[in-house]
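Student: Before I ask anything, let me first share the structure, which is written out below as structure tokens.
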Amino acid sequence: MNFDQITSKENSLFKELRLLQATGSKGQKARQSSGCALLEGIHLVQSWVGDPALKTLFTSEMGLHNSEIAQAVYSHLEICPETKVYQLDSALWNVLSDLVNAPHIAGLLSLPKSSLAPAQSIANLDGDVVILDRIQDAGNVGTILRTAAAAGFTQIIALTGCAHLWSSKVLRAGMGAHHLLDLYEGWTNQQVLSAVTAPLMAATADAEQDLFNMQQELLKPVAWVMGSEGQGVSEELLAQAKGVSIPIDPRVESLNVSSAAAICLFETVRVRRN
């Protein structure tokens with residue numbers, strides 16, 4: 001099967017891919033304006049194989065000689081025959097990806113409605129929610145998304161100041177979890193307080209409430225709030241939330257936020273199973 005070729009970094013589509021990879025507000029603006037995100041690597045592409053949202057694939061002649069990449073491409077085409085596939089010149093992969101020995105496969109993904117919907121258009125968000133309050137490290141954000149998906153928490157709100165949920169680094173750390181989640185981004189504290197119906201539970205080191213003594217509260221829907229690496233949960237949200245602490249050795253100051261999230265979410269799962 002012959003695919004269209006991209007041989008120059010001056011190609012308009014290649015330039016669009018580079019914009020989607022940009023860090024900070026530049027990349028976020030490109031993703032929001034185009035309604036797309038870039039999936040890099042075989043694992044992320046495999047997570048969306050068969051989903052029409054994966055509307056464009058990029059590989060190379062070398063990539064198609066890799067059985068795993070070829071299977072992903074042709075399996076997706078069989079289910080979604082309208083998918084456009086481009087072969088990039090092998091030299092362009094060193095420009096496109098900052099991964100060492102990057103596999104020659106990437107995809108252009110249409111963002112889900114939840115990620116594009118303005119916060120003010122959502123009147124109520126019922127059920128369990130995970131709220132990320134200004135968590136800036138992409139690895140932490142992606143790890144929390146992966147943990148939330150594993151624990152069955154599918155609704156995630158990222159407040160303004162968080163690492164962007166669909167950035168390349170967060171996608172890589174999420175390891176495909178994005179496909180299982182409803183992601184809301186760029187919300188304010190007030191929008192959270194207006195829309196989220198479950199009681200807020202803020203993970204914080206100095207709270208009197210012990211996580212492991214919350215059997216009754218965790219049986220019902222909860223909104224877990226995880227605060228920024230340096231400052232924790234904001235005062236405005238803390239004022240409206242129940243502070244919850246994880247018992248740790250007093251010689252240790254605190255836990256990494258992604259570790260704290262994992263403990264809180266899976267304690268909720270454990271309580272409900274019992």
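So you can find residues: chains in the structure tokens are A, B, ... in the order shown, residues in each start at 1, and ligands are numbered from 1 in order.
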Show me, as a tab-separated table, the residues of range 161-270 of chain A having an atom within 12 Å of range 107-131 of chain A, each with the closest atom pair and its distance in Å, using only C-alpha atoms.

Tutor:
residue	atom	partner	partner_atom	distance
A:Cys162	CA	A:Ile131	CA	10.4
A:His164	CA	A:Ser115	CA	10.8
A:Leu165	CA	A:Ser115	CA	9.0
A:Trp166	CA	A:Leu111	CA	8.6
A:Ser167	CA	A:Leu111	CA	11.8
A:Ser168	CA	A:Gly107	CA	11.8
A:Leu171	CA	A:Leu109	CA	11.7
A:His178	CA	A:Pro112	CA	9.9
A:His179	CA	A:Pro112	CA	9.2
A:Leu180	CA	A:Pro112	CA	11.0
A:Leu181	CA	A:Ser114	CA	9.4
A:Asp182	CA	A:Ser114	CA	6.0
A:Leu183	CA	A:Ser115	CA	5.4
A:Tyr184	CA	A:Ser115	CA	5.2
A:Glu185	CA	A:Ser115	CA	6.3
A:Gly186	CA	A:Ala119	CA	7.7
A:Trp187	CA	A:Ala119	CA	6.0
A:Thr188	CA	A:Ala119	CA	8.4
A:Asn189	CA	A:Ile131	CA	10.0
A:Gln190	CA	A:Gln120	CA	10.2
A:Gln191	CA	A:Ala119	CA	6.8
A:Val192	CA	A:Ile131	CA	8.4
A:Leu193	CA	A:Asn124	CA	10.0
A:Ser194	CA	A:Ala123	CA	7.5
A:Ala195	CA	A:Asn124	CA	4.3
A:Val196	CA	A:Leu125	CA	4.8
A:Thr197	CA	A:Asp126	CA	5.4
A:Ala198	CA	A:Gly127	CA	6.2
A:Pro199	CA	A:Asp128	CA	9.3
A:Leu200	CA	A:Val129	CA	9.0
A:Met201	CA	A:Val130	CA	9.6
A:Ala202	CA	A:Ile131	CA	9.2
A:Ala203	CA	A:Ile131	CA	10.7
A:Leu218	CA	A:Asp128	CA	10.1
A:Leu219	CA	A:Asp128	CA	10.7
A:Lys220	CA	A:Asp128	CA	8.5
A:Pro221	CA	A:Asp128	CA	4.8
A:Val222	CA	A:Asp128	CA	5.0
A:Ala223	CA	A:Val129	CA	4.5
A:Trp224	CA	A:Val130	CA	4.9
A:Val225	CA	A:Ile131	CA	4.7
A:Met226	CA	A:Ile131	CA	6.2
A:Gly227	CA	A:Ile131	CA	8.5
A:Ser228	CA	A:Ile131	CA	10.9
A:Val233	CA	A:Ile131	CA	10.0
A:Ser234	CA	A:Ile131	CA	11.7
A:Leu237	CA	A:Ile131	CA	10.4
A:Ala241	CA	A:Ile131	CA	11.8
A:Ser258	CA	A:Val130	CA	11.9
A:Ala261	CA	A:Val130	CA	8.9
A:Ala262	CA	A:Val130	CA	11.2
A:Cys264	CA	A:Val130	CA	10.4
A:Leu265	CA	A:Val130	CA	8.9
A:Thr268	CA	A:Asp128	CA	10.3
A:Val269	CA	A:Asp128	CA	11.4

Student: Please, could you write that set of residues out with C-alpha atoms as a PDB file, in the first residue's frame?

Tutor:
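Result file again31.pdb:
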ATOM      1  CA  CYS A 162      -1.551  22.571  35.867  1.00  0.00           C
ATOM      2  CA  HIS A 164      -1.460  20.674  30.131  1.00  0.00           C
ATOM      3  CA  LEU A 165      -3.229  17.317  30.013  1.00  0.00           C
ATOM      4  CA  TRP A 166      -2.696  16.679  26.301  1.00  0.00           C
ATOM      5  CA  SER A 167       0.936  17.792  26.139  1.00  0.00           C
ATOM      6  CA  SER A 168       3.453  15.242  24.847  1.00  0.00           C
ATOM      7  CA  LEU A 171       0.529  11.809  27.339  1.00  0.00           C
ATOM      8  CA  HIS A 178      -6.290   9.454  28.498  1.00  0.00           C
ATOM      9  CA  HIS A 179      -8.367   7.131  26.330  1.00  0.00           C
ATOM     10  CA  LEU A 180     -10.325   5.978  29.407  1.00  0.00           C
ATOM     11  CA  LEU A 181     -10.931   9.380  31.001  1.00  0.00           C
ATOM     12  CA  ASP A 182     -13.176  12.420  30.723  1.00  0.00           C
ATOM     13  CA  LEU A 183     -10.710  15.287  30.967  1.00  0.00           C
ATOM     14  CA  TYR A 184     -11.636  18.872  31.829  1.00  0.00           C
ATOM     15  CA  GLU A 185      -8.948  21.518  31.660  1.00  0.00           C
ATOM     16  CA  GLY A 186      -8.351  25.147  32.576  1.00  0.00           C
ATOM     17  CA  TRP A 187     -11.040  25.407  35.257  1.00  0.00           C
ATOM     18  CA  THR A 188     -11.029  27.965  38.059  1.00  0.00           C
ATOM     19  CA  ASN A 189     -11.661  27.249  41.732  1.00  0.00           C
ATOM     20  CA  GLN A 190     -15.081  28.866  41.469  1.00  0.00           C
ATOM     21  CA  GLN A 191     -16.062  26.729  38.489  1.00  0.00           C
ATOM     22  CA  VAL A 192     -15.135  23.610  40.469  1.00  0.00           C
ATOM     23  CA  LEU A 193     -17.160  24.746  43.466  1.00  0.00           C
ATOM     24  CA  SER A 194     -20.142  25.505  41.244  1.00  0.00           C
ATOM     25  CA  ALA A 195     -20.172  22.330  39.150  1.00  0.00           C
ATOM     26  CA  VAL A 196     -18.834  19.462  41.275  1.00  0.00           C
ATOM     27  CA  THR A 197     -21.612  17.888  43.349  1.00  0.00           C
ATOM     28  CA  ALA A 198     -19.556  15.401  45.411  1.00  0.00           C
ATOM     29  CA  PRO A 199     -17.981  16.618  48.671  1.00  0.00           C
ATOM     30  CA  LEU A 200     -14.384  17.828  48.280  1.00  0.00           C
ATOM     31  CA  MET A 201     -11.680  15.831  50.067  1.00  0.00           C
ATOM     32  CA  ALA A 202      -8.325  17.631  50.078  1.00  0.00           C
ATOM     33  CA  ALA A 203      -5.197  15.563  50.614  1.00  0.00           C
ATOM     34  CA  LEU A 218     -15.693   7.004  50.995  1.00  0.00           C
ATOM     35  CA  LEU A 219     -18.716   4.812  50.270  1.00  0.00           C
ATOM     36  CA  LYS A 220     -20.361   7.761  48.514  1.00  0.00           C
ATOM     37  CA  PRO A 221     -19.043   9.789  45.540  1.00  0.00           C
ATOM     38  CA  VAL A 222     -16.077  11.986  46.463  1.00  0.00           C
ATOM     39  CA  ALA A 223     -14.012  14.692  44.773  1.00  0.00           C
ATOM     40  CA  TRP A 224     -10.365  14.154  45.669  1.00  0.00           C
ATOM     41  CA  VAL A 225      -8.300  17.359  45.470  1.00  0.00           C
ATOM     42  CA  MET A 226      -4.551  16.975  44.907  1.00  0.00           C
ATOM     43  CA  GLY A 227      -2.477  20.129  45.384  1.00  0.00           C
ATOM     44  CA  SER A 228       0.607  21.544  43.734  1.00  0.00           C
ATOM     45  CA  VAL A 233      -4.127  22.704  47.887  1.00  0.00           C
ATOM     46  CA  SER A 234      -5.149  26.354  47.561  1.00  0.00           C
ATOM     47  CA  LEU A 237     -10.470  25.069  47.976  1.00  0.00           C
ATOM     48  CA  ALA A 241     -13.102  20.876  51.520  1.00  0.00           C
ATOM     49  CA  SER A 258       1.256  11.243  42.591  1.00  0.00           C
ATOM     50  CA  ALA A 261      -3.153  10.352  44.880  1.00  0.00           C
ATOM     51  CA  ALA A 262      -2.570   6.626  44.427  1.00  0.00           C
ATOM     52  CA  CYS A 264      -6.234   8.053  48.384  1.00  0.00           C
ATOM     53  CA  LEU A 265      -7.833   6.606  45.259  1.00  0.00           C
ATOM     54  CA  THR A 268     -11.485   4.542  48.226  1.00  0.00           C
ATOM     55  CA  VAL A 269     -11.568   1.419  46.035  1.00  0.00           C
TER      56      VAL A 269
END

Student: Skip Met62 in chain A itself and residues of its chain fewer than 3 positions away, then list as JSON, numbers by chain all residues within 9 Å of it, counting only C-alpha atoms.

Tutor: {"A": [59, 65, 66, 90, 104]}

Student: At what distance in Å, to one decimal, does CA of Tyr86 in chain A lie from CA of Gln5 in chain A?

Tutor: 5.7 Å

Student: Can you pull out every residue from range 28-257 of chain A that DSSP, working from the backbone, puts in strand (DSSP E or B), and format the result as a PyMOL selection string?

Tutor: chain A and resi 36-40+54-59+84-88+105-110+125+129-133+155-159+182-187+196+200-203+209-210+223-228+232+242-245

Student: Got a sec: who's within 12 Å of range 91-94 of chain A, counting only C-alpha atoms, leaving out chain neighbours fewer than 6 positions off, as an NGL selection string?

Tutor: :A and (5-11 or 14-15 or 17-18 or 40-41 or 58-63 or 100-106)

Student: With only C-alpha atoms as the atoms that count, which of A:Thr204, A:Arg272, A:Ala163, A:Asn256 lies nearest to Gln28 in chain A?

Tutor: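 The answer is A:Ala163, which sits nearest to Gln28 in chain A.
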
Student: Could you check the closest approach to Phe266 in chain A for each of A:Pro81, A:Gly152, A:Gly142, A:Gly35 and tell me which residue wins, using only C-alpha atoms?

Tutor: A:Gly152

Student: When DSSP is applied to the backbone of this structure, which of range 142-269 of chain A are assigned alpha helix (DSSP H)? Write them out as a PyMOL selection string.

Tutor: chain A and resi 142-151+168-174+189-195+215-218+235-240+257-269

Student: What separation in Å, quoted to one decimal, exists between CA of Glu68 in chain A and CA of Ala22 in chain A?

Tutor: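 Taking CA of Glu68 in chain A as the start and CA of Ala22 in chain A as the end point, the length is 27.6 Å.
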
Student: Would you compute the distance between CA of Val271 in chain A and CA of Gly139 in chain A? Give it in Å to one decimal.

Tutor: 27.8 Å

Student: From the options A:Asp249, A:Glu267, A:Glu236, A:Glu78, which residue's atoms come nearest to Leu211 in chain A, counting only C-alpha atoms?

Tutor: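 Closest candidate: A:Glu267.
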
Student: I need the residue nearest Gln46 in chain A from this list: A:Ser254, A:Thr160, A:Asn213, A:Ser75. Use only C-alpha atoms for the distance.

Tutor: A:Ser75

Student: My list of candidates is A:Ala177, A:Val85, A:Val257, A:Val45. Which is closest to Arg134 in chain A when distances are computed with only C-alpha atoms?

Tutor: A:Val257

Student: Using only C-alpha atoms, find the one residue out of A:Leu96, A:Asp51, A:Val73, A:Ile42 that sits nearest to Leu19 in chain A.

Tutor: A:Leu96

Student: Determine, counting only C-alpha atoms, which protein, DNA and RNA residues have an atom within 7 Å of an atom of Leu44 in chain A; residues of the same chain fewer than 5 positions away are not included. Present the result as a list in words.

Tutor: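 Listed by chain and then number, they are Leu39, Met175 and Gly176 of chain A.
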
Student: Within 12 Å of Ile248 in chain A, counting only C-alpha atoms, which residues qualify if same-chain residues fewer than 2 places away don't, as a ChimeraX atom specification?

Tutor: /A:204-206,210-212,245-246,250-255,260,263
